[in-house]
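Enquirer: Input: one structure, supplied below.
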Amino acid sequence: MLYRFTEIDPQGPLAEQVGRKGQALVQLQRWGLPVPDGACLLTGALDAFLAHNGLSREQAPSELIAGLREGEMPPAVSAALAAFLEGREEVAWAVRSSGTREDGADASFAGLYASVLHLRGQAQVEGGIRAAWASLFGERVRAYAVARGIPPHALGLAVVLQELVDAEQAGVAFTVNPLTGADREVVIEAVRGLGEALVGGLVTPDRYRYDWWREHLLSRELGSATQAVRPVQEPPYTELIDLPGADRGAQVLSAEQVAEVAQLAVRVQALYGFPVDVEWAMRGGEVLLLQSRPITTIGQGAVEGEWTTADFKDGGVSSTVCSPLMWSLYDLVWEDSMPRYLEGVHLIAPRQGVVWGDMFYGRPYWNLSAVKDGVRRLPGFRERSFDEDLGIAVAYEGDGHVTKTTPRTLWTALKVVTALRASFKRRLAGVEALVKGWDARLVELDQVDLTAMDLATLTGWYDRLIREVYFRAESDYFNHIYDSTNFASLIKDRLAGLTPSPNTPALISGLTNLSHLRLNQDLWELSRVLYADHRAFSWWRDTPIAALREAVEGEREDHQLGRVRALLRAHGHHSTRELDLTVPRYREDPTFLLETLRELALQDAPREPRAVSEGQRAGYLAERARLLAATPLSARGTLARELDQWRELLWWREELRDLSTRMYAQVRRATCEVAGRLVEGGVLADRADAFFLTWQELVEVLRGLLPPAVAAERVARARVYYDSYRNYANPDELGQRFAKAKIPEGDVLKGVGCSGGQVTGTARVIRDIFDADRLQPGDVLITRFTDPGWTPKFALIAGVATETGGLLSHAAVISREYGIPAVLAIPGLTGRVRDGQRVTLDGDRGLVVLEDAGA
């Protein structure tokens, strides 16, 4: 019933019985961080006390509190305490409540549970435990729980016993500025003596802001503390004392101590992978950790303008934390192509000093404000329509900004539309030759033997690959995306005025022979071969995945292994996260692909992608015919031509996406070769370090312009930033306007219908593609977003709903080709649907209906 921190596995069954505070302390100590020793009294100890004394949680709170004060401690609890305290009679203890629901994303219970400090001996410690238990039944806790829809009887309470630190200084540290959202800034509050003076609001603390990225103290605000909390021997075991004159008005921490506290806090953040606030104490110059919890509310006061991950996330570059190498590549193209395109179609005037993309919380965002500044010059611009089309959260009432029609805006529109139509025409006229040219160039790149190059040759080749080849190819892809997006906007405006209303998703369904569906078709065909080959079927079914991979990478030809290798040669440039260069391509690690193939092979009759696509095409042709029949004859030819152009642009967009994926596979191949050379030369410690430098820094290292020691420092710093947000559910939009946006409540969730149809099934809440092996045939996929790496899994599911995305996003395109409903852009979706819950997706109306929602 009582276990020392060292006896508890943070991932084991006991961790569920020590409360959130206990879990955090156990984990911190397991990581080797400086945590005072202690133990946890499990949640079951309280139930044992109640049962031992004939008490029930159904009784009045006052009766329970009285019983906890006067009842007998169960012998098992007393014996465990006695054993733990033996030989530690002179040790002072802090007895702290550890609730099972505190410090959570939905409820913090901050300051509501009791803690008692500076207790010695079993009698005093038992008294502290009783006080902690009694606080569970206090009116403040009950009222707080009820207000948040948490039944009071569902609350559990463990108790933490921790050696008391007789602190000279103490306080809290936030690894992200909770008011401004600055993600490389630590905010520290510090007082003299025990931290209870700060937590209890008894004194005004010093406040320090420290930029851990640049190792620079940003600001220092001295408090007005004239008192401090110190431990004493008699109840209540602490007292507020007057500080000596020399300490009044003097800063609590030196600049060096601020840096030490900040660095320790950031280390905790990097280990957890999300922002935290930590309670700390300093004794004899050593910083000790007393508690750690997630920061659940982060303001955005430091974020100027509006920023979004829309399309970046669905495309993959913001699907998870982004390495410096990947962002430096992406931003190379983004910062050039976006303003150049907007200027070319007269949406913006040439301007200097605008940053079009930036990193927040380890992920790329693009400058939504700058883009809106351009498009809002057009007459009839409705901000809500713009945001909803891109899957951007709507954080305002009504339509937002609406641009009036005036002679000035009409003239702007004429110039813009004329330039856009000219751009569309050029794009469609040249795209086939463009794709053929890049395909040939990529075949050439694949045949280059990098291992035969000396370092100087490799360095020049690598620099040209990125600066010239990659840049031009990816710019072509980006510009095609811009054109296809703008064409969609123009044609949807035209369609919006038609009667009857068209089924827009159906009009862009049934795009035959899409590049990213060829892998699925080839997987399906090979799975049918395996299914029909009884010996191969049994071998694939019974062989462990590691042995399957070993066989595929060998030279055996039985069990259709030759065909599997052909599949990898054709599609080996894909990966589970295609815009994450740290992730191996399938030709390097085919595990995910082999698992997917086996899943399909074990099914009796999985849907054939080509047949489904043909069915979707029939639906498109029917909707097209219906729409054209309802269109006046004078406008029918123009509408038919524009529908064809729209579909043509979208089809070629997917071809260019596949070429982009192949280009990133080449960049990864070259980077891995470069990294290997630098490790062999003792310049980098690990091959993976190359991904934590920008491509410009990597070239400088290769040319000897960036000293290895400096490169190592940059790698270490970048790794900390990357690790700090790897488990953080970052907001999709940033800016003060979005900070006040609230997630609507209810059992009917409204999003954007992006693929028609209705289905009822079991919701499978999948946080990451590496958790996707839990998907079963017929499941409804519930996730934050998908990127191209998810494509093979669409063969299994019956429908998909995501928190982000729009009509042209990956989940929408693939769902339409598979003929399954898709509802996208539902804020907070993954937190509102339970894994295993029955849900109904209505892709026509953009609804997700939760069944048994209150269960």
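Residue names in the structure tokens use chain letters A, B, ... in the order shown, residue numbers from 1 in each chain, and ligand numbers from 1 in the order shown.
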Step one, run DSSP on the backbone; step two, keep only residues of segment 136-385 of chain A assigned to strand (DSSP E or B); then write them as a PyMOL selection string.

Expert: chain A and resi 157-163+169-174+185-193+206-211+216-221+227-231+238-242+276-283+286-294+307-308+357-360+363-367+382

Enquirer: Can you tell me, as a PyMOL selection string, what residues are no more than 8 Å from segment 802-810 of chain A when counting only C-alpha atoms, ignoring any on the same chain fewer than 3 positions away?

Expert: chain A and resi 310-311+314-315+388-392+505+732+752-754+782-788+813-814+823-830

Enquirer: Any idea what the distance is between atom CA of Pro75 of chain A and atom CA of Gln122 of chain A?

Expert: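 Distance between the two atoms: 13.0 Å.
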
Enquirer: Grab the atom CA of Asn520 of chain A to atom CA of Pro792 of chain A distance for me, in Å with one decimal place.

Expert: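 Going from atom CA of Asn520 of chain A over to atom CA of Pro792 of chain A covers 5.8 Å.
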
Enquirer: I'd like the neighbourhood of Ser328 of chain A as a list in words, where a residue qualifies if any of its atoms comes within 9 Å (using only C-alpha atoms), though same-chain residues fewer than 3 positions away should be ignored.

Expert: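 Close residues of Ser328 of chain A: Ser323, Pro324, Leu325, Asp331, Leu332, Val333, Leu693, Thr694, Trp695 and Gln696 of chain A.
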
Enquirer: At a cut-off of 7 Å, using only C-alpha atoms, what residues contact segment 182-195 of chain A? Leave out same-chain residues fewer than 2 positions from it and give the result as a PyMOL selection string.

Expert: chain A and resi 166-177+180+197-199+205-213+228-230+252+262+302+360-361

Enquirer: So how far away is atom CA of Gly380 of chain A from atom CA of Pro350 of chain A, in Å?

Expert: 23.7 Å

Enquirer: Could you check which of A:Val683, A:Leu50, A:Ala419, A:Val667 is closest to Ala709 of chain A, using only C-alpha atoms?

Expert: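 The shortest atom-to-atom distance to Ala709 of chain A comes from A:Val683.
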